[in-house]
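See below for my_file25.cif, which holds mmCIF, C-alpha atoms.
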```
data_structure
loop_
_atom_site.group_PDB
_atom_site.id
_atom_site.type_symbol
_atom_site.label_atom_id
_atom_site.label_comp_id
_atom_site.auth_asym_id
_atom_site.auth_seq_id
_atom_site.Cartn_x
_atom_site.Cartn_y
_atom_site.Cartn_z
ATOM 1 C CA MET A 3 0.000 0.000 0.000
ATOM 2 C CA LYS A 4 1.009 3.293 -0.899
ATOM 3 C CA THR A 5 0.720 6.070 1.587
ATOM 4 C CA THR A 6 0.531 9.704 0.527
ATOM 5 C CA LEU A 7 1.788 12.093 2.879
ATOM 6 C CA ASN A 8 0.637 15.701 2.771
ATOM 7 C CA LEU A 9 3.145 17.883 4.511
ATOM 8 C CA ALA A 10 1.388 21.118 3.680
ATOM 9 C CA LEU A 11 -0.030 23.107 6.471
ATOM 10 C CA PRO A 12 -3.617 24.115 6.211
ATOM 11 C CA SER A 13 -4.023 27.792 5.167
ATOM 12 C CA SER A 14 -5.380 30.074 7.742
ATOM 13 C CA SER A 15 -8.136 32.576 7.162
ATOM 14 C CA ARG A 16 -5.561 35.361 7.312
ATOM 15 C CA GLU A 17 -3.577 33.814 4.489
ATOM 16 C CA ARG A 18 -6.705 33.329 2.405
ATOM 17 C CA TYR A 19 -7.632 36.967 3.044
ATOM 18 C CA ALA A 20 -4.139 38.136 2.023
ATOM 19 C CA LEU A 21 -4.264 36.029 -1.119
ATOM 20 C CA ALA A 22 -7.629 37.478 -2.079
ATOM 21 C CA TRP A 23 -6.374 41.051 -1.701
ATOM 22 C CA SER A 24 -2.992 40.544 -3.323
ATOM 23 C CA ILE A 25 -4.346 40.867 -6.866
ATOM 24 C CA PRO A 26 -6.155 44.222 -6.332
ATOM 25 C CA VAL A 27 -3.232 45.594 -4.297
ATOM 26 C CA GLY A 28 -0.803 44.452 -7.010
ATOM 27 C CA ALA A 29 -2.974 46.112 -9.678
ATOM 28 C CA VAL A 30 -3.115 49.379 -7.702
ATOM 29 C CA GLY A 31 0.651 49.203 -7.160
ATOM 30 C CA LEU A 32 1.208 48.624 -10.870
ATOM 31 C CA ILE A 33 -1.017 51.598 -11.748
ATOM 32 C CA ALA A 34 0.821 53.759 -9.215
ATOM 33 C CA LEU A 35 4.140 52.632 -10.698
ATOM 34 C CA VAL A 36 2.951 53.516 -14.208
ATOM 35 C CA LEU A 37 1.705 56.943 -13.039
ATOM 36 C CA LEU A 38 4.963 57.663 -11.225
ATOM 37 C CA SER A 39 6.924 56.569 -14.294
ATOM 38 C CA VAL A 40 4.881 58.851 -16.567
ATOM 39 C CA SER A 41 5.351 61.718 -14.106
ATOM 40 C CA ALA A 42 9.098 61.069 -13.948
ATOM 41 C CA VAL A 43 9.350 61.028 -17.761
ATOM 42 C CA LYS A 44 7.403 64.313 -17.999
ATOM 43 C CA ASP A 45 9.603 65.897 -15.328
ATOM 44 C CA TYR A 46 12.720 64.708 -17.121
ATOM 45 C CA GLN A 47 11.469 66.140 -20.442
ATOM 46 C CA SER A 48 10.585 69.424 -18.735
ATOM 47 C CA LEU A 49 14.047 69.527 -17.175
ATOM 48 C CA ARG A 50 15.638 68.980 -20.606
ATOM 49 C CA ARG A 51 13.522 71.795 -22.117
ATOM 50 C CA GLU A 52 14.488 74.150 -19.284
ATOM 51 C CA ARG A 53 18.160 73.280 -19.674
ATOM 52 C CA ALA A 54 17.894 73.910 -23.419
ATOM 53 C CA SER A 55 16.223 77.291 -22.846
ATOM 54 C CA VAL A 56 18.857 78.235 -20.246
ATOM 55 C CA ALA A 57 21.559 77.247 -22.717
ATOM 56 C CA ASP A 58 19.870 79.368 -25.411
ATOM 57 C CA LEU A 59 19.702 82.315 -23.021
ATOM 58 C CA GLN A 60 23.356 81.899 -22.110
ATOM 59 C CA ARG A 61 24.297 81.808 -25.802
ATOM 60 C CA GLU A 62 22.190 84.937 -26.426
ATOM 61 C CA GLU A 63 23.792 86.663 -23.440
ATOM 62 C CA GLY A 64 27.230 85.790 -24.768
ATOM 63 C CA ARG A 65 26.296 87.134 -28.206
ATOM 64 C CA VAL A 66 24.959 90.385 -26.702
ATOM 65 C CA ARG A 67 28.094 90.799 -24.595
ATOM 66 C CA ALA A 68 30.238 90.280 -27.694
ATOM 67 C CA GLN A 69 28.199 92.929 -29.522
ATOM 68 C CA GLU A 70 28.516 95.279 -26.553
ATOM 69 C CA THR A 71 32.283 94.802 -26.525
ATOM 70 C CA ALA A 72 32.446 95.474 -30.263
ATOM 71 C CA ILE A 73 30.311 98.606 -29.910
ATOM 72 C CA ARG A 74 32.417 99.868 -26.996
ATOM 73 C CA GLN A 75 35.569 99.366 -29.050
ATOM 74 C CA GLU A 76 33.931 101.247 -31.932
ATOM 75 C CA LEU A 77 32.855 104.089 -29.648
ATOM 76 C CA ASP A 78 36.318 104.394 -28.135
ATOM 77 C CA ARG A 79 37.755 105.412 -31.488
ATOM 78 C CA PRO A 80 39.239 108.943 -31.357
ATOM 79 C CA GLN A 81 37.105 110.265 -34.225
ATOM 80 C CA LEU A 82 33.875 109.322 -32.479
ATOM 81 C CA ARG A 83 35.087 110.702 -29.148
ATOM 82 C CA GLU A 84 35.470 114.089 -30.803
ATOM 83 C CA ILE A 85 31.932 113.874 -32.231
ATOM 84 C CA TYR A 86 30.561 112.964 -28.799
ATOM 85 C CA ARG A 87 32.388 115.878 -27.235
ATOM 86 C CA TYR A 88 30.861 118.284 -29.763
ATOM 87 C CA SER A 89 27.407 116.772 -29.380
ATOM 88 C CA ARG A 90 27.619 117.106 -25.582
ATOM 89 C CA LEU A 91 28.648 120.728 -26.021
ATOM 90 C CA ILE A 92 25.706 121.391 -28.348
ATOM 91 C CA ASN A 93 23.289 119.599 -26.028
ATOM 92 C CA ASP A 94 24.569 121.668 -23.089
ATOM 93 C CA VAL A 95 24.000 124.878 -25.059
ATOM 94 C CA ILE A 96 20.495 123.749 -25.983
ATOM 95 C CA GLY A 97 19.839 122.773 -22.367
ATOM 96 C CA ARG A 98 20.905 126.208 -21.126
ATOM 97 C CA ARG A 99 18.731 127.986 -23.652
ATOM 98 C CA GLU A 100 17.407 131.074 -21.927
ATOM 99 C CA LEU A 101 15.074 132.469 -24.557
ATOM 100 C CA SER A 102 12.529 130.778 -26.761
ATOM 101 C CA MET A 103 11.182 132.861 -29.638
ATOM 102 C CA LEU A 104 7.992 130.832 -29.678
ATOM 103 C CA GLN A 105 7.509 131.577 -25.998
ATOM 104 C CA LEU A 106 8.144 135.286 -26.615
ATOM 105 C CA VAL A 107 5.595 135.397 -29.454
ATOM 106 C CA ALA A 108 3.092 133.567 -27.253
ATOM 107 C CA LYS A 109 3.578 136.133 -24.451
ATOM 108 C CA VAL A 110 3.132 139.042 -26.890
ATOM 109 C CA THR A 111 0.013 137.399 -28.322
ATOM 110 C CA GLN A 112 -1.478 137.115 -24.831
ATOM 111 C CA VAL A 113 -1.352 140.884 -24.298
ATOM 112 C CA LEU A 114 -2.396 141.724 -27.868
ATOM 113 C CA PRO A 115 -6.057 142.850 -28.144
ATOM 114 C CA GLU A 116 -8.130 141.242 -30.898
ATOM 115 C CA ASP A 117 -8.281 144.351 -33.099
ATOM 116 C CA VAL A 118 -4.526 145.047 -32.937
ATOM 117 C CA ARG A 119 -2.147 143.540 -35.480
ATOM 118 C CA LEU A 120 1.489 142.763 -34.749
ATOM 119 C CA ASP A 121 3.440 144.022 -37.773
ATOM 120 C CA GLY A 122 6.949 143.444 -36.543
ATOM 121 C CA LEU A 123 8.941 141.874 -33.762
ATOM 122 C CA GLU A 124 12.699 142.328 -33.475
ATOM 123 C CA LEU A 125 14.952 141.010 -30.771
ATOM 124 C CA ASP A 126 18.585 141.941 -30.340
ATOM 125 C CA LEU A 127 20.118 138.573 -29.450
ATOM 126 C CA GLU A 128 23.602 139.954 -28.905
ATOM 127 C CA SER A 129 22.664 142.308 -26.088
ATOM 128 C CA GLY A 130 22.057 140.701 -22.744
ATOM 129 C CA ASP A 131 19.100 142.973 -21.975
ATOM 130 C CA ARG A 132 16.630 141.138 -24.226
ATOM 131 C CA VAL A 133 15.130 144.320 -25.598
ATOM 132 C CA VAL A 134 12.293 143.688 -28.034
ATOM 133 C CA ARG A 135 11.049 146.148 -30.659
ATOM 134 C CA LEU A 136 7.354 145.724 -31.404
ATOM 135 C CA THR A 137 5.565 147.355 -34.319
ATOM 136 C CA ILE A 138 1.771 147.289 -34.144
ATOM 137 C CA SER A 139 -1.181 148.711 -36.014
ATOM 138 C CA ALA A 140 -4.914 149.048 -35.372
ATOM 139 C CA GLU A 141 -7.902 150.895 -36.782
ATOM 140 C CA MET A 142 -8.401 152.897 -33.590
ATOM 141 C CA GLU A 143 -5.864 154.623 -31.420
ATOM 142 C CA GLU A 144 -7.630 153.364 -28.274
ATOM 143 C CA SER A 145 -6.724 149.789 -29.226
ATOM 144 C CA LEU A 146 -3.058 150.715 -29.376
ATOM 145 C CA GLU A 147 -3.312 152.352 -25.967
ATOM 146 C CA LYS A 148 -4.985 149.211 -24.590
ATOM 147 C CA PHE A 149 -2.094 147.119 -25.937
ATOM 148 C CA LEU A 150 0.471 149.413 -24.302
ATOM 149 C CA VAL A 151 -1.397 149.240 -20.984
ATOM 150 C CA ASN A 152 -1.479 145.428 -21.255
ATOM 151 C CA LEU A 153 2.290 145.423 -21.858
ATOM 152 C CA GLU A 154 2.907 147.605 -18.806
ATOM 153 C CA ASN A 155 0.684 145.414 -16.624
ATOM 154 C CA SER A 156 2.278 142.170 -17.815
ATOM 155 C CA SER A 157 4.824 140.487 -15.573
ATOM 156 C CA ASP A 158 6.763 139.325 -18.653
ATOM 157 C CA PHE A 159 7.631 142.802 -19.956
ATOM 158 C CA THR A 160 9.140 145.896 -18.348
ATOM 159 C CA ASP A 161 10.378 149.332 -19.434
ATOM 160 C CA VAL A 162 7.791 150.022 -22.142
ATOM 161 C CA ASN A 163 8.965 152.968 -24.309
ATOM 162 C CA VAL A 164 6.979 154.218 -27.304
ATOM 163 C CA ILE A 165 9.487 155.307 -29.960
ATOM 164 C CA SER A 166 7.054 156.232 -32.748
ATOM 165 C CA HIS A 167 3.363 156.759 -33.116
ATOM 166 C CA GLY A 168 1.227 157.391 -36.198
ATOM 167 C CA LEU A 169 -2.422 158.376 -36.332
ATOM 168 C CA PRO A 170 -4.796 157.256 -39.086
ATOM 169 C CA ASP A 171 -5.239 159.688 -41.964
ATOM 170 C CA GLU A 172 -8.834 160.861 -41.690
ATOM 171 C CA LYS A 173 -8.761 163.056 -44.797
ATOM 172 C CA GLY A 174 -7.930 160.180 -47.139
ATOM 173 C CA GLU A 175 -4.936 161.976 -48.687
ATOM 174 C CA GLY A 176 -2.989 158.833 -49.496
ATOM 175 C CA GLY A 177 -1.855 158.185 -45.931
ATOM 176 C CA SER A 178 -2.511 155.117 -43.854
ATOM 177 C CA ASP A 179 -5.973 154.462 -42.503
ATOM 178 C CA LEU A 180 -4.446 152.597 -39.513
ATOM 179 C CA ALA A 181 -2.974 153.907 -36.287
ATOM 180 C CA THR A 182 0.562 152.591 -35.862
ATOM 181 C CA ALA A 183 3.054 152.479 -33.041
ATOM 182 C CA ALA A 184 6.521 151.145 -32.397
ATOM 183 C CA CYS A 185 7.788 150.476 -28.914
ATOM 184 C CA LEU A 186 10.772 149.030 -27.135
ATOM 185 C CA VAL A 187 10.194 146.704 -24.190
ATOM 186 C CA ARG A 188 12.451 144.541 -22.112
ATOM 187 C CA TYR A 189 11.393 140.879 -22.038
ATOM 188 C CA VAL A 190 11.931 139.381 -18.584
ATOM 189 C CA GLY A 191 9.843 136.201 -18.921
ATOM 190 C CA GLY A 192 10.836 132.768 -20.189
ATOM 191 C CA GLY A 193 13.958 132.117 -18.181
ATOM 192 C CA PRO A 194 16.257 133.833 -15.752
ATOM 193 C CA LYS A 195 15.619 137.562 -15.545
ATOM 194 C CA PRO A 196 18.497 139.796 -16.520
ATOM 195 C CA GLN A 197 20.281 141.469 -13.629
#
```
Represent the structure of the file as structure tokens.
Amino acid sequence: MKTTLNLALPSSSRERYALAWSIPVGAVGLIALVLLSVSAVKDYQSLRRERASVADLQREEGRVRAQETAIRQELDRPQLREIYRYSRLINDVIGRRELSMLQLVAKVTQVLPEDVRLDGLELDLESGDRVVRLTISAEMEESLEKFLVNLENSSDFTDVNVISHGLPDEKGEGGSDLATAACLVRYVGGGPKPQ
């Protein structure tokens, strides 16, 4: 007779329970492993892209520095230094500009009544006093007087002196039908006032 001997131990309920859950736990572990692997691959690809962009930026920075060095060498040439010196001198003169003709005309226009016409404006640029000669005309003498009063009351002009005055020709004998006047004033607006 043949005897079979079974040396296996009977499985406990705990072992049966563990065996039943091993497949779902293994599947979840496999899914987690796949997800972590995908995440690691994405991170690695992102890292490679960032390294490539940093390398591109470093190359661009090197190229810009090389251009800057070339430009500095070009600007250090003696001919260009002389041009820069002259341009700085011109810019300093423009920056210290004390009188703007546009500003002067604007100030004269502010004190000019509507019925008075400005026929001439002369400024002696070589004298430091900034004396302006104004020639005006109007149909009525009262308008000229109003202009002169406006000049005297203005804070931009001082020392108003009438140097000539012409009345309209009422008889019509070939003279002018406008009242005219010429005056000298000192312009003190638009910059430092003369001492």
Near A:Glu144, counting all atoms listed in the file, which residues have an atom at most 10 Å away, once you skip same-chain residues fewer than 5 positions from it, shown as an MDAnalysis selection string? chainID A and resid 149:150 181
So that I can see what lies close to A:Phe159, please list as an MDAnalysis selection string the residues with an atom at most 8 Å from it, counting all atoms listed in the file and leaving out residues fewer than 6 positions away in the same chain. chainID A and resid 153 187:191
Neighbour list for stretch 133-136 of chain A as a list in words, cut-off 8 Å, all atoms listed in the file, skip fewer than 3 positions in-chain: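 Selected residues are Leu120, Asp121, Gly122, Leu123, Glu124, Leu125, Asp126, Ser129, Ala184, Cys185, Leu186, Val187, Arg188 and Tyr189 of chain A.
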Do you have the atom CA of A:Arg61-atom CA of A:Gln47 distance handy? 20.9 Å
Rounded to one decimal, what separation in Å do you get between atom CA of A:Gly168 and atom CA of A:Asp117?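 According to the coordinates, atom CA of A:Gly168 and atom CA of A:Asp117 are separated by 16.4 Å.
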For the file shown, report as number ranges by chain the outcome of the PyMOL selection byres ((chain A and resi 140-143) around 10) at residue level. A: 115-120, 138-139, 144-148, 167-170, 178-183
Figure out the distance between atom CA of A:Asp131 and atom CA of A:Asn93, please, to one decimal in Å.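 Computed distance, atom CA of A:Asn93 to atom CA of A:Asp131, equals 24.1 Å.
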Find the axis-aligned box for stretch 11-26 of chain A, covering all its listed atoms and adding 6 Å on each side, and write its centre and edge lengths in Å to one decimal as AutoDock Vina command-line options.
```
--center_x -4.1 --center_y 33.7 --center_z 0.4 --size_x 20.1 --size_y 33.1 --size_z 26.6
```
